[in-house]
Amino acid sequence: MSWGTDLWDQFENLDKHTQWGIDFLERYAKFVKERLEIEQTYAKQLRNLVKKYCPKRSKDDEPRFTSCLSFYSILNELNDYAGQREVVAEEMGHRVYGELMRYSQDLKAERKHHLQEGRKAQQYLDQCWKQMDNSKKKFERECREAEKSQIMFERLDNDINATKSEVEKAKSQLYLRTHMADESKNEYAAQLQNFNAEQWKHFNTAIPLIFKNLQDMDERRTVKLGETYRSFAEVERKVIPIISKCLEGMVTAAKNVDERRDSGIVVESFKSGFEPPGDFPFEDFSQNIQRTGSDGTIGTPKNDPGKPDPKHAIGKAKNKLWLFGKKPKAPNLEDLSHLPPEQRRKKLQQRIDELNRELQKEMDQRDALNKMKDVYEKNPQMGDPGSLQPKISETICNMEKLRSEIHKNETWLAEVEGGKQSTRSDRRPSTDVNHHAPHGRESPEGSYTDDHSQEHRTPPQPDPHEFDDEFDDDDPLPAIGHCKALYSFDGSNEGTLVMKEDEVLYVIEEDKGDGWTRVRKQSGVEGYVPTSYVEITLEKHSKGS
């Protein structure tokens, strides 16, 4: 079927149809634009969501739990998924929307050209018809005038009263009108023949060609729509494999969640290295009661010389803290002494490993610079060896600094590990009678620590009178020195003591390695303060409060 032959008289309808086709194409382009805007908004919202739940964090705050790592893996996969949605939007904008808009402009220009050609052909045919119609009307008018002249001539010729001159004049007029009618006839015939020829050419050549071009244009528009429909789907299909990998990554992250490993990480993160506190001794308050002979069999036996007086244990247990008390806040020290032993050991080991890596980098850089210097010395044209000396010196200086830091941290680590071994050896069961009494104390955070003041010392033989005097519940411990507060301490936790900056306190018990010192105020109130918060001066002779 051809528009040129079947629709030869439907110029106006074809004009409307081609305009509708372009409008439909632009409507589809608008649909694609809104679709890609949805993709862009969706991708942006996904990226914002990922950014919201995956904030920037320092290296020390990196998550180690498998559940956290899996969640962040899912966020990374979701971020990649958002990137694929952006790819979809970009491809739709380039391959579909952009192509449609460019093609729409081309169609408008082509349609305008074809319609102008059709209008020109129609106007030319209309002009030929007007010329033919004018010649026809002229021929008709001349024929009527000739008929009138003939009637006038015949009337005068038959009239006996008419003069000869009147008859000759009427005859001349008849001849003139007849001649003019013949010329009009010939002109009309020529115009008619020309119009018929142009009309045939118009409806059999010009219009069919123009309509065929319009038909081809409309069919190309339809084909282009089909291609863009396919491209619209291909854009989605193209990212499906990558999206599938993102989803597979999420599933893999879910499978990597390991509850046992997470529990182990909790232990590793918070294990203090301290041993649980020992049993509290039985406090016998009836030992000084005089027993009768009959009660002797059930009375409390006198103290075994090999065992400490219960009052000694009571005195040691005085002012102890509850096991699960909160740890007071302490400043972060360079040697990490504010941390429990196990945590301190791990942090120091991590710091040493990091310093060793930095040292290795500096050593590699030094070796590279030395090699480059040797090359320059052998080939002076390649560079000046002296220009590398400042950099080599700086690298060596950095290496020395790093070695010093490593040595310092290794010394601290050795102290921690040595203290840990000593603690374990002290806590092994012993046949020594003195080990039946608890010789450790709890830190203000509720952890148990050894009383290192008892280490490497021969256990004294208990003297009942001495214990009565020194460890009586009502007698305060003697001061072994004094200290000055470097910082204020709120003492909000149980067993701790409030102190103000520059306040002077009595020291009644030294730091046993847990970072806490037992002190007493002028008012007699006792408690623990962070060792790093005070400047301690010990005295040779104990002084009372």
# chains A, B, ... in the order shown; residues from 1 in each chain; ligands from 1

$ closest_atom_pairs --of "segment 195-310 of chain A" --to "segment 79-88 of chain A" --cutoff "12 Å" --atoms "only C-alpha atoms" --output "JSON lines"
{"residue": "A:Ser231", "atom": "CA", "partner": "A:Val88", "partner_atom": "CA", "distance": 10.9}
{"residue": "A:Phe232", "atom": "CA", "partner": "A:Val88", "partner_atom": "CA", "distance": 9.2}
{"residue": "A:Ala233", "atom": "CA", "partner": "A:Val88", "partner_atom": "CA", "distance": 10.1}
{"residue": "A:Glu234", "atom": "CA", "partner": "A:Val88", "partner_atom": "CA", "distance": 9.7}
{"residue": "A:Val235", "atom": "CA", "partner": "A:Val88", "partner_atom": "CA", "distance": 5.9}
{"residue": "A:Glu236", "atom": "CA", "partner": "A:Val88", "partner_atom": "CA", "distance": 6.4}
{"residue": "A:Arg237", "atom": "CA", "partner": "A:Val88", "partner_atom": "CA", "distance": 9.5}
{"residue": "A:Lys238", "atom": "CA", "partner": "A:Val88", "partner_atom": "CA", "distance": 8.6}
{"residue": "A:Val239", "atom": "CA", "partner": "A:Gln84", "partner_atom": "CA", "distance": 6.4}
{"residue": "A:Ile240", "atom": "CA", "partner": "A:Gln84", "partner_atom": "CA", "distance": 8.9}
{"residue": "A:Pro241", "atom": "CA", "partner": "A:Gln84", "partner_atom": "CA", "distance": 10.3}
{"residue": "A:Ile242", "atom": "CA", "partner": "A:Gln84", "partner_atom": "CA", "distance": 7.6}
{"residue": "A:Ile243", "atom": "CA", "partner": "A:Tyr81", "partner_atom": "CA", "distance": 6.0}
{"residue": "A:Ser244", "atom": "CA", "partner": "A:Tyr81", "partner_atom": "CA", "distance": 9.2}
{"residue": "A:Lys245", "atom": "CA", "partner": "A:Tyr81", "partner_atom": "CA", "distance": 9.3}
{"residue": "A:Cys246", "atom": "CA", "partner": "A:Tyr81", "partner_atom": "CA", "distance": 6.3}
{"residue": "A:Leu247", "atom": "CA", "partner": "A:Tyr81", "partner_atom": "CA", "distance": 8.5}
{"residue": "A:Glu248", "atom": "CA", "partner": "A:Tyr81", "partner_atom": "CA", "distance": 11.5}
{"residue": "A:Gly249", "atom": "CA", "partner": "A:Asp80", "partner_atom": "CA", "distance": 10.5}
{"residue": "A:Met250", "atom": "CA", "partner": "A:Tyr81", "partner_atom": "CA", "distance": 10.7}

$ write_last_selection --atoms "N, CA and C atoms" --output "PDB file, in the first residue's frame"
ATOM      1  N   SER A 231      16.267  -0.706  23.048  1.00  0.00           N
ATOM      2  CA  SER A 231      17.388  -0.130  23.803  1.00  0.00           C
ATOM      3  C   SER A 231      16.999   0.108  25.255  1.00  0.00           C
ATOM      4  N   PHE A 232      15.757   0.516  25.454  1.00  0.00           N
ATOM      5  CA  PHE A 232      15.259   0.745  26.804  1.00  0.00           C
ATOM      6  C   PHE A 232      15.381  -0.522  27.643  1.00  0.00           C
ATOM      7  N   ALA A 233      15.045  -1.660  27.026  1.00  0.00           N
ATOM      8  CA  ALA A 233      15.155  -2.932  27.742  1.00  0.00           C
ATOM      9  C   ALA A 233      16.603  -3.402  27.825  1.00  0.00           C
ATOM     10  N   GLU A 234      17.397  -3.177  26.768  1.00  0.00           N
ATOM     11  CA  GLU A 234      18.786  -3.627  26.760  1.00  0.00           C
ATOM     12  C   GLU A 234      19.608  -2.920  27.829  1.00  0.00           C
ATOM     13  N   VAL A 235      19.294  -1.672  28.087  1.00  0.00           N
ATOM     14  CA  VAL A 235      20.014  -0.946  29.138  1.00  0.00           C
ATOM     15  C   VAL A 235      19.841  -1.660  30.477  1.00  0.00           C
ATOM     16  N   GLU A 236      18.634  -2.105  30.772  1.00  0.00           N
ATOM     17  CA  GLU A 236      18.392  -2.847  32.008  1.00  0.00           C
ATOM     18  C   GLU A 236      19.083  -4.209  31.972  1.00  0.00           C
ATOM     19  N   ARG A 237      18.965  -4.892  30.830  1.00  0.00           N
ATOM     20  CA  ARG A 237      19.545  -6.231  30.727  1.00  0.00           C
ATOM     21  C   ARG A 237      21.067  -6.182  30.852  1.00  0.00           C
ATOM     22  N   LYS A 238      21.679  -5.117  30.393  1.00  0.00           N
ATOM     23  CA  LYS A 238      23.136  -5.009  30.404  1.00  0.00           C
ATOM     24  C   LYS A 238      23.699  -4.991  31.824  1.00  0.00           C
ATOM     25  N   VAL A 239      22.969  -4.408  32.773  1.00  0.00           N
ATOM     26  CA  VAL A 239      23.485  -4.302  34.145  1.00  0.00           C
ATOM     27  C   VAL A 239      23.038  -5.466  35.028  1.00  0.00           C
ATOM     28  N   ILE A 240      22.190  -6.355  34.495  1.00  0.00           N
ATOM     29  CA  ILE A 240      21.693  -7.464  35.316  1.00  0.00           C
ATOM     30  C   ILE A 240      22.840  -8.345  35.835  1.00  0.00           C
ATOM     31  N   PRO A 241      23.856  -8.707  35.010  1.00  0.00           N
ATOM     32  CA  PRO A 241      24.940  -9.547  35.564  1.00  0.00           C
ATOM     33  C   PRO A 241      25.662  -8.888  36.726  1.00  0.00           C
ATOM     34  N   ILE A 242      25.931  -7.592  36.625  1.00  0.00           N
ATOM     35  CA  ILE A 242      26.639  -6.913  37.714  1.00  0.00           C
ATOM     36  C   ILE A 242      25.741  -6.802  38.943  1.00  0.00           C
ATOM     37  N   ILE A 243      24.457  -6.508  38.707  1.00  0.00           N
ATOM     38  CA  ILE A 243      23.516  -6.442  39.830  1.00  0.00           C
ATOM     39  C   ILE A 243      23.421  -7.814  40.505  1.00  0.00           C
ATOM     40  N   SER A 244      23.434  -8.866  39.694  1.00  0.00           N
ATOM     41  CA  SER A 244      23.394 -10.225  40.266  1.00  0.00           C
ATOM     42  C   SER A 244      24.622 -10.472  41.135  1.00  0.00           C
ATOM     43  N   LYS A 245      25.795  -9.993  40.678  1.00  0.00           N
ATOM     44  CA  LYS A 245      27.008 -10.150  41.491  1.00  0.00           C
ATOM     45  C   LYS A 245      26.879  -9.371  42.806  1.00  0.00           C
ATOM     46  N   CYS A 246      26.263  -8.180  42.738  1.00  0.00           N
ATOM     47  CA  CYS A 246      26.046  -7.409  43.970  1.00  0.00           C
ATOM     48  C   CYS A 246      25.156  -8.187  44.941  1.00  0.00           C
ATOM     49  N   LEU A 247      24.099  -8.770  44.408  1.00  0.00           N
ATOM     50  CA  LEU A 247      23.196  -9.538  45.276  1.00  0.00           C
ATOM     51  C   LEU A 247      23.885 -10.790  45.801  1.00  0.00           C
ATOM     52  N   GLU A 248      24.709 -11.434  44.942  1.00  0.00           N
ATOM     53  CA  GLU A 248      25.467 -12.596  45.413  1.00  0.00           C
ATOM     54  C   GLU A 248      26.443 -12.190  46.505  1.00  0.00           C
ATOM     55  N   GLY A 249      27.029 -10.992  46.356  1.00  0.00           N
ATOM     56  CA  GLY A 249      27.924 -10.494  47.405  1.00  0.00           C
ATOM     57  C   GLY A 249      27.198 -10.295  48.722  1.00  0.00           C
ATOM     58  N   MET A 250      25.952  -9.813  48.647  1.00  0.00           N
ATOM     59  CA  MET A 250      25.165  -9.645  49.868  1.00  0.00           C
ATOM     60  C   MET A 250      24.877 -10.997  50.521  1.00  0.00           C
TER      61      MET A 250
END

$ closest_atom_pairs --of "segment 372-426 of chain A" --to "segment 332-351 of chain A" --cutoff "9 Å" --atoms "only C-alpha atoms" --output "JSON lines"
{"residue": "A:Ile406", "atom": "CA", "partner": "A:Arg351", "partner_atom": "CA", "distance": 8.4}
{"residue": "A:Lys408", "atom": "CA", "partner": "A:Asp335", "partner_atom": "CA", "distance": 8.8}
{"residue": "A:Asn409", "atom": "CA", "partner": "A:Leu348", "partner_atom": "CA", "distance": 6.4}
{"residue": "A:Glu410", "atom": "CA", "partner": "A:Leu348", "partner_atom": "CA", "distance": 7.8}
{"residue": "A:Trp412", "atom": "CA", "partner": "A:Asp335", "partner_atom": "CA", "distance": 6.7}
{"residue": "A:Leu413", "atom": "CA", "partner": "A:Arg345", "partner_atom": "CA", "distance": 6.0}
{"residue": "A:Ala414", "atom": "CA", "partner": "A:Arg345", "partner_atom": "CA", "distance": 9.0}
{"residue": "A:Val416", "atom": "CA", "partner": "A:Pro341", "partner_atom": "CA", "distance": 6.2}
{"residue": "A:Glu417", "atom": "CA", "partner": "A:Arg345", "partner_atom": "CA", "distance": 7.4}
{"residue": "A:Gly419", "atom": "CA", "partner": "A:Pro341", "partner_atom": "CA", "distance": 8.5}
{"residue": "A:Lys420", "atom": "CA", "partner": "A:Pro341", "partner_atom": "CA", "distance": 7.5}

$ write_last_selection --atoms "N, CA and C atoms" --output "PDB file, in the first residue's frame"
ATOM      1  N   ILE A 406      60.299   1.878  69.029  1.00  0.00           N
ATOM      2  CA  ILE A 406      60.094   0.420  69.125  1.00  0.00           C
ATOM      3  C   ILE A 406      60.710  -0.100  70.410  1.00  0.00           C
ATOM      4  N   LYS A 408      61.287   1.534  73.180  1.00  0.00           N
ATOM      5  CA  LYS A 408      60.502   2.004  74.322  1.00  0.00           C
ATOM      6  C   LYS A 408      59.246   1.165  74.502  1.00  0.00           C
ATOM      7  N   ASN A 409      58.541   0.896  73.403  1.00  0.00           N
ATOM      8  CA  ASN A 409      57.318   0.086  73.498  1.00  0.00           C
ATOM      9  C   ASN A 409      57.621  -1.358  73.833  1.00  0.00           C
ATOM     10  N   GLU A 410      58.738  -1.891  73.334  1.00  0.00           N
ATOM     11  CA  GLU A 410      59.111  -3.260  73.697  1.00  0.00           C
ATOM     12  C   GLU A 410      59.439  -3.366  75.183  1.00  0.00           C
ATOM     13  N   TRP A 412      58.052  -1.508  77.553  1.00  0.00           N
ATOM     14  CA  TRP A 412      56.737  -1.542  78.219  1.00  0.00           C
ATOM     15  C   TRP A 412      56.068  -2.904  78.071  1.00  0.00           C
ATOM     16  N   LEU A 413      56.190  -3.484  76.871  1.00  0.00           N
ATOM     17  CA  LEU A 413      55.593  -4.799  76.639  1.00  0.00           C
ATOM     18  C   LEU A 413      56.249  -5.853  77.515  1.00  0.00           C
ATOM     19  N   ALA A 414      57.574  -5.765  77.661  1.00  0.00           N
ATOM     20  CA  ALA A 414      58.270  -6.714  78.528  1.00  0.00           C
ATOM     21  C   ALA A 414      57.812  -6.563  79.972  1.00  0.00           C
ATOM     22  N   VAL A 416      54.846  -5.610  80.934  1.00  0.00           N
ATOM     23  CA  VAL A 416      53.512  -6.221  81.041  1.00  0.00           C
ATOM     24  C   VAL A 416      53.609  -7.726  81.085  1.00  0.00           C
ATOM     25  N   GLU A 417      54.395  -8.299  80.177  1.00  0.00           N
ATOM     26  CA  GLU A 417      54.504  -9.760  80.123  1.00  0.00           C
ATOM     27  C   GLU A 417      55.202 -10.299  81.356  1.00  0.00           C
ATOM     28  N   GLY A 419      55.181  -8.871  84.353  1.00  0.00           N
ATOM     29  CA  GLY A 419      54.209  -8.762  85.436  1.00  0.00           C
ATOM     30  C   GLY A 419      53.160  -9.844  85.377  1.00  0.00           C
ATOM     31  N   LYS A 420      52.789 -10.208  84.116  1.00  0.00           N
ATOM     32  CA  LYS A 420      51.768 -11.246  83.949  1.00  0.00           C
ATOM     33  C   LYS A 420      52.289 -12.598  84.421  1.00  0.00           C
TER      34      LYS A 420
END

$ closest_residue --among "A:Lys148, A:Lys51, A:Lys373, A:Arg260" --to "Gln173 of chain A" --atoms "only C-alpha atoms"
A:Lys148

$ closest_residue --among "A:Thr228, A:Asn186, A:Thr395, A:Thr41" --to "Tyr97 of chain A" --atoms "only C-alpha atoms"
A:Thr228

$ atom_distance --atom1 "atom CA of Gly513 of chain A" --atom2 "atom CA of Leu477 of chain A"
19.8 Å

$ closest_residue --among "A:Gln116, A:Ile536, A:Glu77, A:Gly491" --to "Glu509 of chain A" --atoms "only C-alpha atoms"
A:Ile536

$ residues_around --residues "segment 161-167 of chain A" --least-positions-apart "5" --cutoff "12 Å" --atoms "only C-alpha atoms" --output "VMD selection string"
chain A and resid 149 to 156 172 to 174

$ write_last_selection --atoms "C-alpha atoms" --output "compact mmCIF listing (two decimals), in the first residue's frame"
# COMPACT_ATOMS: atom_id res chain seq x y z
CA SER A 149 -23.04 41.59 -32.50
CA GLN A 150 -24.52 38.99 -34.84
CA ILE A 151 -28.06 39.72 -33.66
CA MET A 152 -27.45 43.46 -34.09
CA PHE A 153 -26.06 42.97 -37.60
CA GLU A 154 -28.95 40.77 -38.66
CA ARG A 155 -31.50 43.26 -37.30
CA LEU A 156 -29.94 46.21 -39.14
CA SER A 172 -17.43 45.27 -38.83
CA GLN A 173 -18.40 44.87 -35.15
CA LEU A 174 -19.60 41.32 -35.81

$ closest_residue --among "A:Ile38, A:Ile74, A:Asp6, A:Met363" --to "Tyr53 of chain A" --atoms "only C-alpha atoms"
A:Ile74

$ select_by_dssp --residues "segment 3-169 of chain A" --states "alpha helix (DSSP H)" --output "ChimeraX atom specification"
/A:3-6,11-53,66-91,98-158,164-169

$ atom_distance --atom1 "atom CA of Thr66 of chain A" --atom2 "atom CA of Gly273 of chain A"
24.2 Å

$ residues_around --residues "Ala146 of chain A" --least-positions-apart "3" --cutoff "6 Å" --atoms "only C-alpha atoms" --output "list in words"
Cys143, Ser149, Arg177 and Thr178 of chain A
